[in-house]
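Visitor: Next up, structure02.txt (compact mmCIF, C-alpha atoms).
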# COMPACT_ATOMS: atom_id res chain seq x y z
CA MET Y 1 78.05 177.76 -17.12
CA ILE Y 2 80.75 177.46 -19.77
CA LYS Y 3 80.28 178.57 -23.38
CA ILE Y 4 82.80 177.44 -25.99
CA GLY Y 5 83.34 178.47 -29.59
CA PRO Y 6 85.88 179.45 -32.23
CA SER Y 7 87.57 182.64 -33.24
CA GLY Y 8 86.33 183.58 -36.71
CA LEU Y 9 82.86 183.77 -38.26
CA GLY Y 10 83.97 183.73 -41.88
CA PRO Y 11 82.68 185.72 -44.89
CA VAL Y 12 79.42 187.66 -44.62
CA LYS Y 13 77.62 185.52 -47.22
CA GLN Y 14 78.45 182.32 -45.33
CA ALA Y 15 77.97 183.65 -41.79
CA GLU Y 16 74.43 182.39 -41.19
CA LYS Y 17 75.33 178.92 -42.50
CA PHE Y 18 78.36 178.89 -40.21
CA ILE Y 19 76.15 179.75 -37.25
CA GLU Y 20 74.00 176.74 -38.12
CA LYS Y 21 77.18 174.65 -38.19
CA LEU Y 22 78.14 175.91 -34.74
CA GLN Y 23 74.69 175.04 -33.40
CA LYS Y 24 74.79 171.58 -34.96
CA ASN Y 25 78.07 170.88 -33.17
CA ARG Y 26 76.75 172.17 -29.82
CA LEU Y 27 79.05 175.18 -29.76
CA THR Y 28 77.62 178.25 -28.06
CA ALA Y 29 80.02 181.13 -28.80
CA CYS Y 30 81.91 182.74 -31.66
CA GLU Y 31 84.27 185.71 -31.85
CA ILE Y 32 84.07 187.76 -35.03
CA THR Y 33 87.54 188.79 -36.12
CA PHE Y 34 87.66 192.42 -37.19
CA THR Y 35 91.42 192.20 -36.76
CA TYR Y 36 92.12 193.60 -40.24
CA GLY Y 37 89.08 195.87 -40.34
CA ILE Y 38 85.31 195.83 -39.81
CA TYR Y 39 84.35 193.67 -42.76
CA ILE Y 40 80.62 193.31 -42.01
CA LYS Y 41 79.81 196.77 -43.34
CA LYS Y 42 76.06 196.75 -43.95
CA GLU Y 43 73.74 197.30 -40.99
CA ILE Y 44 71.18 194.85 -42.40
CA ASP Y 45 73.81 192.09 -42.63
CA ARG Y 46 74.93 192.74 -39.05
CA LYS Y 47 71.38 192.64 -37.73
CA ASN Y 48 70.50 189.48 -39.68
CA ILE Y 49 73.62 187.72 -38.40
CA GLY Y 50 72.83 188.87 -34.87
CA LYS Y 51 69.26 187.55 -35.06
CA LYS Y 52 70.48 184.23 -36.45
CA ALA Y 53 73.04 183.87 -33.65
CA GLU Y 54 70.49 184.73 -30.98
CA SER Y 55 68.00 182.18 -32.29
CA ALA Y 56 70.75 179.55 -32.40
CA GLY Y 57 71.91 180.28 -28.85
CA ILE Y 58 75.31 181.53 -30.03
CA SER Y 59 76.97 184.28 -27.99
CA LEU Y 60 78.87 186.64 -30.32
CA SER Y 61 81.88 188.76 -29.42
CA ILE Y 62 84.28 190.84 -31.52
CA HIS Y 63 88.04 191.15 -31.77
CA ALA Y 64 88.82 194.76 -32.70
CA PRO Y 65 91.48 195.62 -35.30
CA TYR Y 66 95.14 194.95 -34.51
CA TRP Y 67 96.18 198.53 -35.34
CA ILE Y 68 95.58 199.87 -31.86
CA ASN Y 69 97.96 201.65 -29.50
CA LEU Y 70 96.24 203.68 -26.79
CA ASN Y 71 99.68 204.70 -25.51
CA SER Y 72 101.02 206.07 -28.79
CA ALA Y 73 103.23 209.14 -28.41
CA GLU Y 74 101.16 210.63 -31.26
CA LYS Y 75 97.75 211.85 -30.07
CA ASP Y 76 96.25 211.33 -33.54
CA LYS Y 77 97.14 207.62 -33.37
CA ARG Y 78 95.52 207.34 -29.94
CA LYS Y 79 92.39 208.99 -31.37
CA LYS Y 80 92.30 206.61 -34.34
CA SER Y 81 92.83 203.65 -32.01
CA LYS Y 82 89.83 204.67 -29.94
CA GLU Y 83 87.74 205.12 -33.07
CA ARG Y 84 88.59 201.60 -34.25
CA ILE Y 85 87.47 200.19 -30.91
CA LEU Y 86 84.32 202.32 -30.75
CA ASN Y 87 83.40 201.50 -34.36
CA SER Y 88 83.73 197.83 -33.41
CA CYS Y 89 81.32 198.52 -30.54
CA ARG Y 90 78.91 200.22 -32.94
CA ALA Y 91 78.99 197.26 -35.31
CA GLY Y 92 78.77 194.94 -32.31
CA THR Y 93 75.60 196.64 -31.12
CA ASP Y 94 73.90 195.68 -34.40
CA LEU Y 95 75.30 192.16 -34.09
CA GLY Y 96 74.20 191.74 -30.48
CA ALA Y 97 77.82 191.12 -29.45
CA THR Y 98 78.67 190.95 -25.76
CA HIS Y 99 82.33 192.08 -25.78
CA VAL Y 100 84.82 193.95 -27.95
CA VAL Y 101 88.29 192.52 -27.33
CA PHE Y 102 91.40 194.60 -28.04
CA HIS Y 103 95.12 194.74 -27.33
CA PRO Y 104 95.49 198.04 -25.44
CA GLY Y 105 98.94 199.17 -26.52
CA TYR Y 106 102.70 199.21 -26.07
CA TYR Y 107 105.02 200.64 -23.43
CA GLY Y 108 107.27 202.36 -25.97
CA ASP Y 109 109.58 204.76 -24.17
CA ALA Y 110 107.14 205.34 -21.32
CA SER Y 111 107.34 203.76 -17.87
CA GLU Y 112 104.87 201.02 -16.97
CA LYS Y 113 103.05 203.43 -14.63
CA ASP Y 114 102.80 206.21 -17.20
CA THR Y 115 101.64 203.72 -19.82
CA TYR Y 116 98.96 202.44 -17.47
CA ASP Y 117 97.75 205.96 -16.65
CA ILE Y 118 97.49 206.96 -20.32
CA ILE Y 119 95.69 203.75 -21.34
CA ARG Y 120 93.34 204.05 -18.38
CA GLU Y 121 92.41 207.58 -19.46
CA GLN Y 122 91.69 206.41 -23.02
CA ILE Y 123 89.47 203.57 -21.78
CA GLU Y 124 87.62 205.92 -19.42
CA ASP Y 125 86.95 208.21 -22.38
CA MET Y 126 85.69 205.30 -24.52
CA GLU Y 127 83.56 204.03 -21.64
CA ASN Y 128 81.87 207.43 -21.37
CA ILE Y 129 81.19 207.47 -25.13
CA ARG Y 130 79.99 203.86 -25.08
CA GLN Y 131 77.45 204.62 -22.38
CA LYS Y 132 76.39 207.95 -23.91
CA GLU Y 133 75.69 206.27 -27.29
CA GLY Y 134 74.09 203.22 -25.70
CA LEU Y 135 76.58 200.83 -27.28
CA LYS Y 136 75.97 197.31 -25.98
CA PRO Y 137 79.29 195.40 -26.18
CA LEU Y 138 81.57 195.74 -23.18
CA LEU Y 139 85.13 197.01 -23.64
CA ALA Y 140 87.38 194.01 -22.97
CA PRO Y 141 91.14 194.72 -22.97
CA GLU Y 142 93.07 191.47 -23.31
CA THR Y 143 95.96 189.99 -21.35
CA THR Y 144 98.89 189.91 -23.79
CA GLY Y 145 101.59 187.33 -24.37
CA LYS Y 146 104.83 189.31 -24.74
CA ILE Y 147 106.69 190.77 -21.78
CA ASN Y 148 107.42 194.06 -23.56
CA VAL Y 149 103.74 194.70 -24.41
CA PHE Y 150 101.20 196.27 -22.06
CA GLY Y 151 98.66 193.75 -20.79
CA SER Y 152 99.87 191.80 -17.77
CA VAL Y 153 97.32 190.13 -15.50
CA GLU Y 154 97.85 192.91 -12.96
CA GLU Y 155 97.42 195.69 -15.52
CA THR Y 156 94.30 194.14 -17.03
CA ALA Y 157 92.68 193.56 -13.64
CA ALA Y 158 93.48 197.13 -12.59
CA LEU Y 159 91.88 198.54 -15.75
CA ALA Y 160 88.69 196.62 -15.02
CA LYS Y 161 88.67 197.82 -11.42
CA ASP Y 162 89.55 201.46 -12.16
CA THR Y 163 87.42 202.07 -15.27
CA GLY Y 164 84.54 199.62 -14.91
CA CYS Y 165 85.38 198.02 -18.26
CA SER Y 166 85.32 194.27 -18.80
CA PHE Y 167 88.37 192.16 -19.74
CA THR Y 168 89.58 189.17 -21.72
CA ILE Y 169 91.71 186.56 -19.97
CA ASP Y 170 93.88 184.81 -22.55
CA PHE Y 171 95.26 181.76 -20.77
CA ALA Y 172 97.78 181.02 -23.53
CA HIS Y 173 99.12 184.56 -23.34
CA ILE Y 174 99.43 184.36 -19.56
CA LEU Y 175 101.35 181.09 -19.86
CA ALA Y 176 103.69 182.62 -22.45
CA ARG Y 177 104.24 185.78 -20.43
CA GLU Y 178 104.55 184.29 -16.93
CA LYS Y 179 105.65 180.72 -17.81
CA HIS Y 180 102.78 179.36 -15.71
CA VAL Y 181 99.13 180.11 -14.98
CA ASP Y 182 98.30 180.91 -11.35
CA TYR Y 183 94.59 180.15 -11.20
CA LYS Y 184 94.33 181.17 -7.54
CA LYS Y 185 95.75 184.60 -8.38
CA LEU Y 186 93.37 184.99 -11.30
CA ASN Y 187 90.42 184.15 -9.08
CA ASN Y 188 91.51 186.76 -6.56
CA MET Y 189 92.26 189.47 -9.13
CA PHE Y 190 89.12 189.04 -11.21
CA PRO Y 191 86.18 188.77 -8.77
CA GLN Y 192 83.66 189.41 -11.56
CA LYS Y 193 81.07 186.70 -12.09
CA HIS Y 194 81.60 186.34 -15.86
CA TRP Y 195 84.98 185.84 -17.53
CA HIS Y 196 85.44 186.34 -21.25
CA CYS Y 197 88.41 184.16 -22.17
CA HIS Y 198 90.68 182.98 -24.98
CA TYR Y 199 92.33 179.57 -25.02
CA SER Y 200 94.72 177.59 -27.22
CA GLY Y 201 98.05 175.87 -27.23
CA ILE Y 202 101.01 178.22 -27.50
CA GLU Y 203 104.70 178.24 -28.33
CA TYR Y 204 106.72 180.71 -26.28
CA GLY Y 205 110.23 181.69 -25.31
CA GLU Y 206 112.02 183.90 -22.82
CA LYS Y 207 110.32 187.06 -24.17
CA GLY Y 208 106.89 185.45 -24.32
CA GLU Y 209 104.51 184.43 -27.09
CA LYS Y 210 105.81 183.11 -30.41
CA LYS Y 211 102.72 181.55 -32.00
CA HIS Y 212 99.45 179.84 -31.16
CA LEU Y 213 99.27 176.05 -31.45
CA LYS Y 214 96.52 173.46 -31.69
CA THR Y 215 94.54 172.80 -28.53
CA SER Y 216 94.67 169.14 -27.52
CA ASP Y 217 92.17 167.24 -25.41
CA LYS Y 218 94.83 167.20 -22.67
CA LEU Y 219 95.08 171.00 -22.67
CA TRP Y 220 91.32 171.37 -22.41
CA LYS Y 221 91.19 168.86 -19.55
CA THR Y 222 93.97 170.69 -17.69
CA LEU Y 223 92.04 173.94 -18.05
CA PHE Y 224 88.73 172.56 -16.81
CA ASP Y 225 90.36 170.69 -13.93
CA ASN Y 226 92.04 173.87 -12.72
CA LEU Y 227 88.86 175.92 -13.07
CA THR Y 228 86.94 173.34 -11.03
CA GLN Y 229 89.59 173.41 -8.30
CA TYR Y 230 90.54 177.09 -8.14
CA VAL Y 231 87.86 179.17 -9.88
CA PRO Y 232 84.47 177.93 -8.69
CA ASP Y 233 81.10 179.57 -9.20
CA LYS Y 234 81.81 181.66 -12.28
CA ASN Y 235 80.45 181.78 -15.81
CA PHE Y 236 82.93 181.49 -18.67
CA THR Y 237 83.01 182.10 -22.40
CA PHE Y 238 85.98 180.40 -24.06
CA ILE Y 239 87.02 181.44 -27.55
CA CYS Y 240 89.51 179.04 -29.12
CA GLU Y 241 92.27 180.87 -31.00
CA SER Y 242 94.27 177.90 -32.24
CA PRO Y 243 95.23 177.45 -35.91
CA GLU Y 244 92.15 175.17 -36.13
CA PRO Y 245 89.69 177.02 -33.91
CA PHE Y 246 86.47 175.28 -34.98
CA THR Y 247 87.86 171.74 -34.66
CA ASP Y 248 89.59 172.50 -31.37
CA ALA Y 249 86.51 174.21 -29.93
CA ILE Y 250 84.58 170.99 -30.58
CA LYS Y 251 87.31 169.11 -28.70
CA GLY Y 252 86.81 171.47 -25.79
CA TYR Y 253 83.06 170.89 -25.78
CA LYS Y 254 83.49 167.11 -25.82
CA VAL Y 255 86.06 167.19 -23.00
CA LEU Y 256 83.78 169.40 -20.94
CA LYS Y 257 80.80 167.08 -21.44
CA SER Y 258 82.87 164.02 -20.54
CA LYS Y 259 83.72 165.41 -17.10
Here is the file; what I need is its structure written in the form of structure tokens.
Guide:
Amino acid sequence: MIKIGPSGLGPVKQAEKFIEKLQKNRLTACEITFTYGIYIKKEIDRKNIGKKAESAGISLSIHAPYWINLNSAEKDKRKKSKERILNSCRAGTDLGATHVVFHPGYYGDASEKDTYDIIREQIEDMENIRQKEGLKPLLAPETTGKINVFGSVEETAALAKDTGCSFTIDFAHILAREKHVDYKKLNNMFPQKHWHCHYSGIEYGEKGEKKHLKTSDKLWKTLFDNLTQYVPDKNFTFICESPEPFTDAIKGYKVLKSK
């Protein structure tokens, strides 16, 4: 099963109408962007949006705020980073969201191993709190697109294995970081049945990601062909993060149905 939808739900007052628009266009997922803060502040609004999405067959997820660095040299910044993620999980529980996506952090002056160990400890702590509070969305650290930022395929897979958290595979970021996508390797490193994913076109250079680009029919076809060949028997949720996420998500749906 493959679910496809856009990044971005839009303003609170228009959210339920947008969900109807998603349903009308046969899209089945949407990622709410809390990237600049948790803007759906009222519990009643979150629950109403969640009920609307459930009735429309739309799977919701959340992108946590950008201001996160679980490897900050300052313990207070690590604490605030965890709170931003956990508050996204709390809001996501009201919304019925499945995943909270976040960029884990930066290497800074630390070694890759030390960075991994510190971030793993922070995620373990959040996982304990998440379970203790009964928060529903899964923690889903994302593969990142720049070579000097924590979040390689190997690091993300190890976090999922070592902490029991979920993950977000961003195919555009992997392409930008590694200059190719090794689908066989991904299948081996992420044995989990469900993959939460991001997809779009991307411009990149020697150091990785520069900016996201529109997602053409050809890009969607390449993705689905590779999944069919190298990643069989899994369930996927694809969130389109292009500059035109709604339009490009519809392209993805149409390409998928034409196969």
Visitor: Nearest to Ala29 of chain Y: which of Y:Thr143, Y:Thr215, Y:Asn69, Y:Thr98 is it, counting all atoms listed in the file?
Guide: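 Checking each of Y:Thr143, Y:Thr215, Y:Asn69, Y:Thr98 against Ala29 of chain Y, counting all atoms listed in the file, the winner is Y:Thr98.
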Visitor: Considering all atoms listed in the file, return as an MDAnalysis selection string whatever protein or nucleic-acid residues lie within 7 Å of Val100 of chain Y, sequence-local ones (same chain, fewer than 4 positions apart) excluded.
Guide: chainID Y and resid 61:64 88:89 137:140
Visitor: Which of these residues is nearest to Thr156 of chain Y, using all atoms listed in the file: Y:Ala56, Y:Tyr253, Y:Pro104, Y:Asp125?
Guide: Y:Pro104
Visitor: At what distance in Å, to one decimal, does atom CA of Ile239 of chain Y lie from atom CA of Asn87 of chain Y?
Guide: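 According to the coordinates, atom CA of Asn87 of chain Y and atom CA of Ile239 of chain Y are separated by 21.5 Å.
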Visitor: My list of candidates is Y:Leu135, Y:Ala157, Y:Leu22, Y:Leu227. Which is closest to Asp182 of chain Y when distances are computed with all atoms listed in the file?
Guide: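 Under the stated criterion, the closest residue is Y:Leu227.
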Visitor: At what distance in Å, to one decimal, does atom CA of Ser258 of chain Y lie from atom CA of Thr168 of chain Y?
Guide: 26.1 Å
Visitor: Which one of Y:Val101, Y:Ile32, Y:Val231, Y:Ala53 sits closest to Asn187 of chain Y if you count all atoms listed in the file?
Guide: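 Closest residue, counting all atoms listed in the file: Y:Val231.
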Visitor: Point out the residue among Y:Thr237, Y:Gln229, Y:Gln122, Y:Asn71 with the least atom-to-atom distance to Ile169 of chain Y, counting only C-alpha atoms.
Guide: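 That would be Y:Thr237, the residue with the smallest distance to Ile169 of chain Y.
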Visitor: Go through Y:Arg177, Y:Arg120, Y:Lys17, Y:Lys132 and flag the residue nearest Lys161 of chain Y, using all atoms listed in the file for the distances.
Guide: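 Ranking Y:Arg177, Y:Arg120, Y:Lys17, Y:Lys132 by distance to Lys161 of chain Y, first place goes to Y:Arg120.
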Visitor: For the atom pair atom CA of Lys193 of chain Y and atom CA of Lys259 of chain Y, what is the interatomic distance in Å to one decimal place?
Guide: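 Taking atom CA of Lys193 of chain Y and atom CA of Lys259 of chain Y, their separation equals 22.0 Å.
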Visitor: List as a ChimeraX atom specification the protein and nucleic acid residues near Glu43 of chain Y, meaning an atom at most 12 Å away when all atoms listed in the file are counted, but skip any in the same chain fewer than 5 places from it.
Guide: /Y:12,38,48-50,90-96
Visitor: Within 12 Å of (91.2, 172.9, -11.7) (coordinates as in the file), grab all the protein and nucleic acid residues, counting only C-alpha atoms, and write them out as number ranges by chain.
Guide: Y: 181-184, 187, 219-232, 259
Visitor: Calculate, to one decimal in Å, the centre and edge lengths of the box along x, y and z of the file that holds all listed atoms of segment 117-122 of chain Y with 4 Å of margin on each side, and present them as lines of an AutoDock Vina configuration file.
Guide:
center_x = 94.7
center_y = 205.7
center_z = -19.8
size_x = 14.1
size_y = 11.8
size_z = 14.4
Visitor: List as a ChimeraX atom specification: which residues have an atom within 7 Å of (80.3, 171.4, -19.2), counting all atoms listed in the file?
Guide: /Y:2,256-257
Visitor: Using only C-alpha atoms, which protein or nucleic acid residues come within 12 Å of Phe246 of chain Y? Drop anything in the same chain fewer than 5 positions from it, and give the result as number ranges by chain.
Guide: Y: 4-10, 18-19, 21-23, 25-31, 200, 214-215, 239-241, 251-253
Visitor: Mind checking which residues fall within 10 Å of Leu70 of chain Y, counting all atoms listed in the file, ignoring those fewer than 5 positions away in the same chain, and posting them as a compact mmCIF listing (two decimals) with C-alpha atoms, in the frame of the given file?
Guide:
# COMPACT_ATOMS: atom_id res chain seq x y z
CA LYS Y 75 97.75 211.85 -30.07
CA LYS Y 77 97.14 207.62 -33.37
CA ARG Y 78 95.52 207.34 -29.94
CA LYS Y 79 92.39 208.99 -31.37
CA LYS Y 80 92.30 206.61 -34.34
CA SER Y 81 92.83 203.65 -32.01
CA LYS Y 82 89.83 204.67 -29.94
CA HIS Y 103 95.12 194.74 -27.33
CA PRO Y 104 95.49 198.04 -25.44
CA GLY Y 105 98.94 199.17 -26.52
CA TYR Y 106 102.70 199.21 -26.07
CA TYR Y 107 105.02 200.64 -23.43
CA THR Y 115 101.64 203.72 -19.82
CA TYR Y 116 98.96 202.44 -17.47
CA ILE Y 118 97.49 206.96 -20.32
CA ILE Y 119 95.69 203.75 -21.34
CA ARG Y 120 93.34 204.05 -18.38
CA GLU Y 121 92.41 207.58 -19.46
CA GLN Y 122 91.69 206.41 -23.02
CA ILE Y 123 89.47 203.57 -21.78
